[in-house]
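See below for coords-v6.cif, which holds mmCIF, C-alpha atoms.
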```cif
data_my_file
#
loop_
_atom_site.label_atom_id
_atom_site.label_comp_id
_atom_site.auth_asym_id
_atom_site.auth_seq_id
_atom_site.Cartn_x
_atom_site.Cartn_y
_atom_site.Cartn_z
CA MET A 1 8.23 -11.87 -17.15
CA LYS A 2 11.82 -13.14 -17.27
CA GLU A 3 12.35 -11.41 -20.61
CA SER A 4 10.92 -8.08 -19.38
CA ILE A 5 13.08 -8.09 -16.24
CA SER A 6 16.13 -8.92 -18.34
CA LYS A 7 15.35 -5.97 -20.62
CA ILE A 8 15.01 -3.61 -17.65
CA ILE A 9 18.38 -4.70 -16.27
CA SER A 10 20.00 -4.35 -19.70
CA ASP A 11 18.54 -0.85 -20.09
CA ILE A 12 19.93 0.23 -16.71
CA PHE A 13 23.30 -1.43 -17.25
CA PRO A 14 23.74 -1.45 -21.06
CA ASN A 15 27.43 -2.40 -20.86
CA ASN A 16 27.11 -5.08 -18.22
CA LEU A 17 25.53 -8.28 -19.49
CA ASP A 18 26.74 -10.50 -16.65
CA TYR A 19 23.72 -10.52 -14.38
CA GLU A 20 21.26 -12.80 -12.63
CA PHE A 21 18.10 -12.20 -10.64
CA SER A 22 15.59 -13.93 -8.38
CA LEU A 23 12.16 -13.01 -7.03
CA LEU A 24 12.09 -11.56 -3.51
CA GLY A 25 8.34 -10.99 -3.21
CA GLY A 26 6.38 -7.93 -2.11
CA MET A 27 2.81 -6.89 -1.37
CA THR A 28 2.30 -3.76 -3.45
CA ASN A 29 4.90 -4.60 -6.11
CA LYS A 30 7.21 -7.39 -7.20
CA ASN A 31 10.79 -7.11 -6.03
CA TYR A 32 13.80 -8.91 -7.46
CA LEU A 33 17.28 -9.44 -6.10
CA VAL A 34 19.62 -8.56 -8.98
CA SER A 35 23.34 -9.25 -9.19
CA VAL A 36 25.31 -7.29 -11.80
CA ASN A 37 28.99 -8.12 -12.06
CA GLY A 38 28.97 -9.30 -8.46
CA LYS A 39 27.20 -6.23 -6.99
CA ARG A 40 23.68 -6.74 -5.71
CA TYR A 41 20.63 -4.53 -6.08
CA VAL A 42 16.87 -4.68 -5.46
CA LEU A 43 14.73 -4.08 -8.53
CA ARG A 44 11.13 -2.99 -7.99
CA SER A 45 8.57 -3.77 -10.70
CA PRO A 46 5.30 -1.88 -9.96
CA GLY A 47 2.13 -3.83 -9.26
CA ASN A 48 -1.31 -3.31 -10.79
CA MET A 49 -2.98 0.06 -10.28
CA THR A 50 0.03 1.51 -8.48
CA SER A 51 0.28 4.40 -10.95
CA ALA A 52 -3.23 5.45 -9.89
CA LEU A 53 -2.62 4.84 -6.19
CA ILE A 54 0.83 6.41 -5.92
CA SER A 55 2.55 9.51 -7.29
CA ARG A 56 5.81 8.10 -8.62
CA GLU A 57 7.17 11.61 -9.09
CA ASN A 58 6.72 12.32 -5.37
CA GLU A 59 8.16 8.93 -4.50
CA LYS A 60 11.19 9.54 -6.71
CA ASN A 61 11.89 12.93 -5.19
CA ASN A 62 11.42 11.69 -1.64
CA SER A 63 13.39 8.47 -2.13
CA GLU A 64 16.38 10.28 -3.57
CA LEU A 65 16.20 12.95 -0.88
CA MET A 66 16.12 10.26 1.80
CA SER A 67 19.07 8.48 0.19
CA LEU A 68 21.11 11.68 0.22
CA SER A 69 20.12 12.25 3.85
CA GLY A 70 21.10 8.74 4.92
CA PHE A 71 17.63 7.57 5.94
CA ASN A 72 17.21 5.40 2.83
CA VAL A 73 19.51 3.02 0.99
CA HIS A 74 21.23 4.36 -2.12
CA THR A 75 18.82 4.80 -5.05
CA GLN A 76 20.62 3.58 -8.16
CA TYR A 77 17.83 4.18 -10.69
CA PHE A 78 14.29 5.54 -10.65
CA ASP A 79 11.98 6.01 -13.63
CA ALA A 80 9.04 8.09 -12.44
CA THR A 81 7.07 7.29 -15.60
CA SER A 82 7.17 3.49 -15.30
CA GLY A 83 7.71 3.32 -11.54
CA ILE A 84 10.67 0.98 -12.03
CA LYS A 85 13.21 1.49 -9.29
CA MET A 86 16.56 -0.06 -8.44
CA THR A 87 18.23 0.44 -5.08
CA GLU A 88 21.46 -0.80 -3.59
CA PHE A 89 21.15 -4.10 -1.73
CA LEU A 90 22.34 -3.37 1.79
CA GLU A 91 24.83 -6.17 2.42
CA ASP A 92 24.98 -7.68 5.93
CA SER A 93 21.74 -5.95 6.91
CA ILE A 94 18.77 -7.45 8.73
CA SER A 95 15.23 -6.96 7.51
CA LEU A 96 13.08 -6.58 10.60
CA THR A 97 10.09 -8.77 11.39
CA ARG A 98 7.34 -8.62 14.00
CA GLU A 99 9.48 -10.96 16.09
CA ASN A 100 12.89 -9.30 16.12
CA VAL A 101 11.56 -5.74 16.09
CA CYS A 102 10.40 -6.25 19.69
CA ASN A 103 13.99 -6.51 20.87
CA ASP A 104 14.53 -3.66 23.34
CA GLU A 105 17.71 -2.48 21.61
CA ASN A 106 16.01 -2.44 18.21
CA ILE A 107 13.12 -0.45 19.64
CA ARG A 108 15.60 2.10 20.96
CA LYS A 109 17.40 2.40 17.60
CA ILE A 110 14.20 2.71 15.58
CA ALA A 111 12.63 5.24 17.93
CA MET A 112 15.70 7.46 17.94
CA ARG A 113 16.13 7.21 14.16
CA LEU A 114 12.48 8.04 13.54
CA TYR A 115 12.81 11.05 15.83
CA GLN A 116 15.78 12.22 13.75
CA LEU A 117 13.71 11.92 10.58
CA HIS A 118 10.70 13.75 11.98
CA ASN A 119 12.84 16.54 13.42
CA SER A 120 15.08 16.99 10.42
CA LYS A 121 14.87 20.13 8.31
CA ILE A 122 13.80 18.03 5.31
CA ILE A 123 10.64 19.15 3.53
CA PHE A 124 8.82 16.96 1.02
CA ASN A 125 6.91 18.64 -1.79
CA ASN A 126 3.76 16.62 -1.03
CA GLU A 127 1.52 15.92 1.94
CA PHE A 128 -0.01 12.59 2.90
CA ASN A 129 -3.52 13.19 4.20
CA VAL A 130 -5.37 10.02 5.11
CA PHE A 131 -8.79 11.50 4.29
CA GLU A 132 -7.71 12.80 0.89
CA LYS A 133 -6.18 9.40 0.15
CA PHE A 134 -9.43 7.72 1.15
CA ASN A 135 -11.38 9.88 -1.29
CA GLN A 136 -8.83 9.16 -4.02
CA TYR A 137 -9.05 5.40 -3.48
CA MET A 138 -12.83 5.48 -3.26
CA ARG A 139 -12.96 7.11 -6.70
CA LEU A 140 -10.85 4.22 -8.01
CA LEU A 141 -13.13 1.54 -6.56
CA ARG A 142 -15.50 0.51 -9.33
CA ASP A 143 -17.89 -1.56 -7.21
CA LYS A 144 -18.77 0.79 -4.35
CA ASN A 145 -21.17 -1.79 -2.89
CA LYS A 146 -18.22 -4.04 -2.10
CA PHE A 147 -17.11 -1.57 0.54
CA PHE A 148 -20.19 -2.47 2.59
CA GLN A 149 -19.93 -6.27 2.36
CA TYR A 150 -17.21 -6.95 4.92
CA ASN A 151 -18.63 -5.81 8.24
CA ASP A 152 -22.17 -5.39 9.56
CA ASN A 153 -21.13 -2.10 11.17
CA ILE A 154 -19.61 -0.55 8.07
CA ASP A 155 -22.07 2.37 8.04
CA GLU A 156 -21.09 3.25 11.59
CA ILE A 157 -17.39 2.90 10.75
CA LEU A 158 -17.68 5.11 7.69
CA SER A 159 -19.72 7.72 9.56
CA PHE A 160 -17.12 7.88 12.32
CA PHE A 161 -14.33 8.15 9.76
CA MET A 162 -16.08 11.06 8.05
CA LYS A 163 -16.59 12.86 11.35
CA LEU A 164 -12.87 12.61 12.05
CA SER A 165 -12.12 14.18 8.66
CA SER A 166 -13.57 17.46 9.91
CA LYS A 167 -11.13 17.50 12.83
CA ASN A 168 -7.54 18.66 12.54
CA ILE A 169 -5.78 15.51 13.72
CA ASN A 170 -2.62 16.21 11.69
CA SER A 171 -1.87 19.76 12.77
CA LYS A 172 1.96 19.89 12.73
CA LEU A 173 3.53 18.34 9.65
CA CYS A 174 6.96 16.75 9.31
CA PRO A 175 8.61 14.34 6.82
CA CYS A 176 6.99 10.93 7.31
CA HIS A 177 7.36 7.47 5.80
CA ASN A 178 3.65 6.59 6.30
CA ASP A 179 4.10 2.83 5.75
CA LEU A 180 6.19 1.63 8.67
CA VAL A 181 5.68 -2.10 8.43
CA PRO A 182 8.68 -3.94 9.93
CA GLU A 183 9.76 -5.16 6.48
CA ASN A 184 10.42 -1.53 5.51
CA ILE A 185 13.03 -1.16 8.25
CA LEU A 186 16.59 -2.42 7.81
CA LEU A 187 19.19 -2.76 10.53
CA LYS A 188 22.89 -2.76 9.66
CA ASP A 189 25.31 -2.71 12.58
CA LYS A 190 24.17 0.31 14.60
CA ASP A 191 22.34 2.02 11.74
CA ILE A 192 18.64 2.02 10.86
CA PHE A 193 17.41 2.54 7.29
CA PHE A 194 13.82 3.06 6.17
CA ILE A 195 13.06 1.75 2.67
CA ASP A 196 10.15 1.93 0.19
CA TRP A 197 9.00 5.55 0.29
CA GLU A 198 5.93 5.07 -1.92
CA TYR A 199 3.50 6.67 0.51
CA SER A 200 5.89 9.22 1.98
CA GLY A 201 4.90 12.83 2.47
CA MET A 202 4.53 15.53 5.06
CA ASN A 203 2.29 14.26 7.85
CA SER A 204 1.88 14.12 11.62
CA TYR A 205 4.69 12.35 13.47
CA LEU A 206 2.01 10.35 15.28
CA PHE A 207 0.88 8.80 12.00
CA ASP A 208 4.26 7.07 11.67
CA ILE A 209 4.41 6.07 15.33
CA SER A 210 0.85 4.74 15.28
CA ALA A 211 1.56 2.78 12.12
CA PHE A 212 4.68 1.27 13.65
CA PHE A 213 2.76 0.21 16.76
CA ILE A 214 -0.08 -1.43 14.86
CA GLU A 215 2.04 -3.06 12.15
CA THR A 216 4.48 -4.57 14.64
CA GLN A 217 1.72 -5.40 17.15
CA LEU A 218 3.82 -4.00 19.97
CA GLU A 219 2.50 -4.65 23.46
CA TYR A 220 1.67 -1.75 25.76
CA ASP A 221 4.95 -1.76 27.70
CA LYS A 222 6.96 -1.79 24.46
CA GLN A 223 4.94 1.14 23.12
CA VAL A 224 5.65 3.11 26.29
CA MET A 225 9.33 2.23 25.92
CA PHE A 226 9.34 3.34 22.27
CA LEU A 227 7.80 6.72 23.10
CA ASN A 228 10.32 7.24 25.90
CA TYR A 229 13.21 6.64 23.52
CA TYR A 230 11.57 8.75 20.81
CA ASN A 231 10.98 11.69 23.11
CA SER A 232 11.03 11.30 26.89
CA SER A 233 8.59 14.18 27.29
CA LEU A 234 5.81 12.21 25.56
CA ASN A 235 3.27 10.39 27.71
CA TYR A 236 1.46 7.38 26.23
CA ASN A 237 -1.72 7.88 28.26
CA GLU A 238 -1.99 11.46 27.08
CA LEU A 239 -1.51 10.40 23.46
CA GLU A 240 -3.56 7.20 23.50
CA ASN A 241 -6.64 8.72 21.89
CA GLU A 242 -4.61 10.28 19.06
CA ILE A 243 -2.69 7.05 18.50
CA LEU A 244 -5.89 5.01 18.32
CA THR A 245 -7.46 7.58 16.00
CA ASN A 246 -4.54 7.35 13.60
CA GLN A 247 -4.66 3.55 13.73
CA PHE A 248 -8.40 3.56 13.03
CA THR A 249 -8.01 5.80 9.98
CA GLN A 250 -5.09 3.70 8.72
CA ASP A 251 -7.07 0.48 8.97
CA VAL A 252 -9.97 2.01 7.05
CA LEU A 253 -7.64 3.41 4.38
CA TRP A 254 -5.66 0.20 3.84
CA PHE A 255 -8.90 -1.79 3.82
CA LEU A 256 -10.08 0.34 0.91
CA TRP A 257 -6.64 0.10 -0.73
CA THR A 258 -6.96 -3.69 -0.66
CA LEU A 259 -10.39 -3.60 -2.31
CA VAL A 260 -9.01 -1.45 -5.14
CA LYS A 261 -6.07 -3.81 -5.64
CA GLU A 262 -8.29 -6.90 -5.60
CA GLU A 263 -10.54 -5.42 -8.27
CA ASN A 264 -7.43 -5.56 -10.42
CA ASN A 265 -6.64 -9.23 -9.92
CA GLU A 266 -4.36 -9.04 -6.89
CA PHE A 267 -5.55 -10.93 -3.86
CA PHE A 268 -4.46 -10.71 -0.23
CA GLY A 269 -6.42 -13.40 1.57
CA ASP A 270 -8.23 -12.09 4.64
CA TYR A 271 -6.15 -8.89 4.84
CA ALA A 272 -9.10 -6.59 4.07
CA GLN A 273 -11.34 -8.41 6.53
CA LYS A 274 -8.83 -8.12 9.37
CA ARG A 275 -8.27 -4.44 8.67
CA ILE A 276 -11.91 -3.41 8.76
CA ASP A 277 -12.75 -5.63 11.74
CA ARG A 278 -9.89 -4.12 13.71
CA ALA A 279 -11.03 -0.64 12.66
CA TYR A 280 -14.39 -1.31 14.31
CA THR A 281 -12.75 -2.57 17.51
CA THR A 282 -10.48 0.50 17.60
CA MET A 283 -13.41 2.80 16.99
CA GLN A 284 -15.16 1.38 20.04
CA LYS A 285 -12.03 2.01 22.14
CA ILE A 286 -11.87 5.62 20.96
CA ILE A 287 -15.54 6.17 21.81
CA SER A 288 -15.05 4.64 25.25
CA LEU A 289 -12.19 7.07 25.94
#
```

This structure in structure tokens:
Amino acid sequence: MKESISKIISDIFPNNLDYEFSLLGGMTNKNYLVSVNGKRYVLRSPGNMTSALISRENEKNNSELMSLSGFNVHTQYFDATSGIKMTEFLEDSISLTRENVCNDENIRKIAMRLYQLHNSKIIFNNEFNVFEKFNQYMRLLRDKNKFFQYNDNIDEILSFFMKLSSKNINSKLCPCHNDLVPENILLKDKDIFFIDWEYSGMNSYLFDISAFFIETQLEYDKQVMFLNYYNSSLNYNELENEILTNQFTQDVLWFLWTLVKEENNEFFGDYAQKRIDRAYTTMQKIISL
């Protein structure tokens, strides 16, 4: 692995042999902190099956567009064939976590920045539709029986998911990140940057907001605060059913995503179990509303 990473760096910087790198981690891919002649970058090496799960061409286009628009860090290099990407390391920035994202000031900054993204005139060439992605991932899953081994209510969950697919829950489309885990949000001074645009595409603004709520595990009052900063005309109680619906579909999708990845020798502990169990709990809430 060391030799392959060295070759990638040498290919990108053929005239700069003074470099070093270290592993940063990552869930979908492996990321490395690279220093070339004193300047630091983040190198992304794609994980297993990512070429089947993700359109690198769409990601490349969207990442570069977001860099030019100031929503993403500078993209130094992107090979859409291999999926290898190198971005500028944002010096003196803070990578958000579930703990520090709950800071009221951070919530305000993220909400306002996300509103700017969703209401920009930017148009991606692709759409992210959770039901189409589900069908795509299901085709990739070799052992279909595995889908039914995690929860006794999986038939009910799947039936509910399929019923939702016939409804138009993503009517108005806007540019969306679609993977707003806190680790994909960087804070530098007063600025917010969204990174890792692998799943980006035109989608409903509520998909991003719902993802942010569930991934950060924001409490009710913080969610109300976020919506108020995002757009003061939005009312949480009026949107609760749509938010829960988006969160339910996300949990089902990322549950299936995990199964596909684990069939290809990547393992995520109890991640799949937690996702599908929470999907069932959310489904019950939606039905009760």

Report the closest atom pair, with its distance in Å rounded to one decimal, for each residue of region 211-287 of chain A that has an atom no farther than 12 Å from region 126-148 of chain A; count all atoms listed in the file, sort by chain and then rising residue number, and write it as a tab-separated table.
```
residue	atom	partner	partner_atom	distance
A:Thr245	CA	A:Val130	CA	11.4
A:Asn246	CA	A:Val130	CA	8.9
A:Gln247	CA	A:Val130	CA	10.8
A:Phe248	CA	A:Val130	CA	10.7
A:Thr249	CA	A:Val130	CA	7.0
A:Gln250	CA	A:Val130	CA	7.3
A:Asp251	CA	A:Val130	CA	10.4
A:Val252	CA	A:Phe134	CA	8.2
A:Leu253	CA	A:Phe134	CA	5.7
A:Trp254	CA	A:Phe134	CA	8.8
A:Phe255	CA	A:Phe147	CA	8.8
A:Leu256	CA	A:Tyr137	CA	6.8
A:Trp257	CA	A:Tyr137	CA	6.4
A:Thr258	CA	A:Tyr137	CA	9.7
A:Leu259	CA	A:Leu141	CA	7.2
A:Val260	CA	A:Leu141	CA	5.3
A:Lys261	CA	A:Leu141	CA	8.9
A:Glu262	CA	A:Leu141	CA	9.8
A:Glu263	CA	A:Leu141	CA	7.6
A:Asn264	CA	A:Leu141	CA	9.9
A:Ala272	CA	A:Phe147	CA	10.1
A:Gln273	CA	A:Phe147	CA	10.8
A:Ile276	CA	A:Phe147	CA	9.9
```

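With distances restricted to all atoms listed in the file, A:Leu244 is the closest residue to Ile214 (chain A) from A:Met112, A:Cys176, A:Leu227, A:Leu244.
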
Edge lengths and centre, in Å to one decimal, as lines of an AutoDock Vina configuration file: that's what I need for the box along x, y and z that holds all listed atoms of region 183-187 of chain A plus 8 Å on each side.
```
center_x = 14.5
center_y = -3.2
center_z = 8.0
size_x = 25.4
size_y = 20.0
size_z = 21.0
```

TODO: Specify as an MDAnalysis selection string each residue included when the PyMOL selection byres ((chain A and resi 46) around 9) is applied to this file.
DONE: chainID A and resid 28:31 44:45 47:51 82:85

Store the residues picked out above, limited to C-alpha atoms, as a PDB file, in the frame of the given file.
```pdb
ATOM      1  CA  THR A  28       2.300  -3.760  -3.450  1.00  0.00           C
ATOM      2  CA  ASN A  29       4.900  -4.600  -6.110  1.00  0.00           C
ATOM      3  CA  LYS A  30       7.210  -7.390  -7.200  1.00  0.00           C
ATOM      4  CA  ASN A  31      10.790  -7.110  -6.030  1.00  0.00           C
ATOM      5  CA  ARG A  44      11.130  -2.990  -7.990  1.00  0.00           C
ATOM      6  CA  SER A  45       8.570  -3.770 -10.700  1.00  0.00           C
ATOM      7  CA  GLY A  47       2.130  -3.830  -9.260  1.00  0.00           C
ATOM      8  CA  ASN A  48      -1.310  -3.310 -10.790  1.00  0.00           C
ATOM      9  CA  MET A  49      -2.980   0.060 -10.280  1.00  0.00           C
ATOM     10  CA  THR A  50       0.030   1.510  -8.480  1.00  0.00           C
ATOM     11  CA  SER A  51       0.280   4.400 -10.950  1.00  0.00           C
ATOM     12  CA  SER A  82       7.170   3.490 -15.300  1.00  0.00           C
ATOM     13  CA  GLY A  83       7.710   3.320 -11.540  1.00  0.00           C
ATOM     14  CA  ILE A  84      10.670   0.980 -12.030  1.00  0.00           C
ATOM     15  CA  LYS A  85      13.210   1.490  -9.290  1.00  0.00           C
TER      16      LYS A  85
END
```

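Considering all atoms listed in the file, the residue among A:Met283, A:Ile192, A:Leu289, A:Ile185 positioned nearest to Asn237 (chain A) is A:Leu289.
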
TODO: Name the closest residue to Ser63 (chain A) among the candidates A:Glu266, A:Glu242, A:Glu215, A:Asp79; distances are taken between atoms, counting only C-alpha atoms.
DONE: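 For Ser63 (chain A), the nearest of the given residues is A:Asp79.
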
Just want the 10 Å neighbourhood of Tyr77 (chain A), counted on only C-alpha atoms, with same-chain residues fewer than 6 positions away dropped. Output as an mmCIF file with C-alpha atoms, in the frame of the given file.
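The new file out_6.cif reads:
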```cif
data_model
loop_
_atom_site.group_PDB
_atom_site.id
_atom_site.type_symbol
_atom_site.label_atom_id
_atom_site.label_comp_id
_atom_site.auth_asym_id
_atom_site.auth_seq_id
_atom_site.Cartn_x
_atom_site.Cartn_y
_atom_site.Cartn_z
ATOM 1 C CA ILE A 12 19.930 0.230 -16.710
ATOM 2 C CA LEU A 43 14.730 -4.080 -8.530
ATOM 3 C CA LYS A 60 11.190 9.540 -6.710
ATOM 4 C CA GLU A 64 16.380 10.280 -3.570
ATOM 5 C CA ILE A 84 10.670 0.980 -12.030
ATOM 6 C CA LYS A 85 13.210 1.490 -9.290
ATOM 7 C CA MET A 86 16.560 -0.060 -8.440
ATOM 8 C CA THR A 87 18.230 0.440 -5.080
ATOM 9 C CA GLU A 88 21.460 -0.800 -3.590
#
```

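Minimum distance to Lys109 (chain A) across A:Ile94, A:Ile287, A:Ile5, A:Leu187 (counting all atoms listed in the file) occurs at A:Leu187.
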
- [ ] Please indicate the distance in Å from CA of Phe89 (chain A) to CA of Lys39 (chain A), rounded to one decimal place.
- [x] 8.3 Å

Quick one: residues within 12 Å of region 65-76 of chain A, only C-alpha atoms, excluding same-chain residues fewer than 4 positions away - as a short mmCIF file (atom, residue, chain, number, x, y, z; two decimals) with C-alpha atoms, in the coordinates of the input?
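The result, stored in around.cif:
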```
data_model
loop_
_atom_site.label_atom_id
_atom_site.label_comp_id
_atom_site.auth_asym_id
_atom_site.auth_seq_id
_atom_site.Cartn_x
_atom_site.Cartn_y
_atom_site.Cartn_z
CA ILE A 9 18.38 -4.70 -16.27
CA ILE A 12 19.93 0.23 -16.71
CA PHE A 13 23.30 -1.43 -17.25
CA LYS A 39 27.20 -6.23 -6.99
CA ARG A 40 23.68 -6.74 -5.71
CA TYR A 41 20.63 -4.53 -6.08
CA VAL A 42 16.87 -4.68 -5.46
CA LEU A 43 14.73 -4.08 -8.53
CA ARG A 44 11.13 -2.99 -7.99
CA ASN A 58 6.72 12.32 -5.37
CA GLU A 59 8.16 8.93 -4.50
CA LYS A 60 11.19 9.54 -6.71
CA ASN A 61 11.89 12.93 -5.19
CA ILE A 84 10.67 0.98 -12.03
CA LYS A 85 13.21 1.49 -9.29
CA MET A 86 16.56 -0.06 -8.44
CA THR A 87 18.23 0.44 -5.08
CA GLU A 88 21.46 -0.80 -3.59
CA PHE A 89 21.15 -4.10 -1.73
CA LEU A 90 22.34 -3.37 1.79
CA GLU A 91 24.83 -6.17 2.42
CA SER A 93 21.74 -5.95 6.91
CA ILE A 110 14.20 2.71 15.58
CA ARG A 113 16.13 7.21 14.16
CA LEU A 114 12.48 8.04 13.54
CA TYR A 115 12.81 11.05 15.83
CA GLN A 116 15.78 12.22 13.75
CA LEU A 117 13.71 11.92 10.58
CA HIS A 118 10.70 13.75 11.98
CA SER A 120 15.08 16.99 10.42
CA LYS A 121 14.87 20.13 8.31
CA ILE A 122 13.80 18.03 5.31
CA ILE A 123 10.64 19.15 3.53
CA PHE A 124 8.82 16.96 1.02
CA ASN A 125 6.91 18.64 -1.79
CA PRO A 175 8.61 14.34 6.82
CA CYS A 176 6.99 10.93 7.31
CA HIS A 177 7.36 7.47 5.80
CA ASN A 184 10.42 -1.53 5.51
CA ILE A 185 13.03 -1.16 8.25
CA LEU A 186 16.59 -2.42 7.81
CA LEU A 187 19.19 -2.76 10.53
CA LYS A 188 22.89 -2.76 9.66
CA ASP A 191 22.34 2.02 11.74
CA ILE A 192 18.64 2.02 10.86
CA PHE A 193 17.41 2.54 7.29
CA PHE A 194 13.82 3.06 6.17
CA ILE A 195 13.06 1.75 2.67
CA ASP A 196 10.15 1.93 0.19
CA TRP A 197 9.00 5.55 0.29
CA SER A 200 5.89 9.22 1.98
CA GLY A 201 4.90 12.83 2.47
#
```

Task: Contacts of Arg98 (chain A) within 9 Å, all atoms listed in the file, excl. fewer than 4 positions in-chain, as a VMD selection string - done: chain A and resid 102 181 to 183 215 to 218

Using only C-alpha atoms, please write the residues we just selected to a file, as an mmCIF file, in the frame of the given file.
```cif
data_model
loop_
_atom_site.group_PDB
_atom_site.id
_atom_site.type_symbol
_atom_site.label_atom_id
_atom_site.label_comp_id
_atom_site.auth_asym_id
_atom_site.auth_seq_id
_atom_site.Cartn_x
_atom_site.Cartn_y
_atom_site.Cartn_z
ATOM 1 C CA CYS A 102 10.400 -6.250 19.690
ATOM 2 C CA VAL A 181 5.680 -2.100 8.430
ATOM 3 C CA PRO A 182 8.680 -3.940 9.930
ATOM 4 C CA GLU A 183 9.760 -5.160 6.480
ATOM 5 C CA GLU A 215 2.040 -3.060 12.150
ATOM 6 C CA THR A 216 4.480 -4.570 14.640
ATOM 7 C CA GLN A 217 1.720 -5.400 17.150
ATOM 8 C CA LEU A 218 3.820 -4.000 19.970
#
```

TODO: Between CA of Ala211 (chain A) and CA of Asp179 (chain A), measure the distance and give it in Å to one decimal.
DONE: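 Computed distance, CA of Ala211 (chain A) to CA of Asp179 (chain A), equals 6.9 Å.
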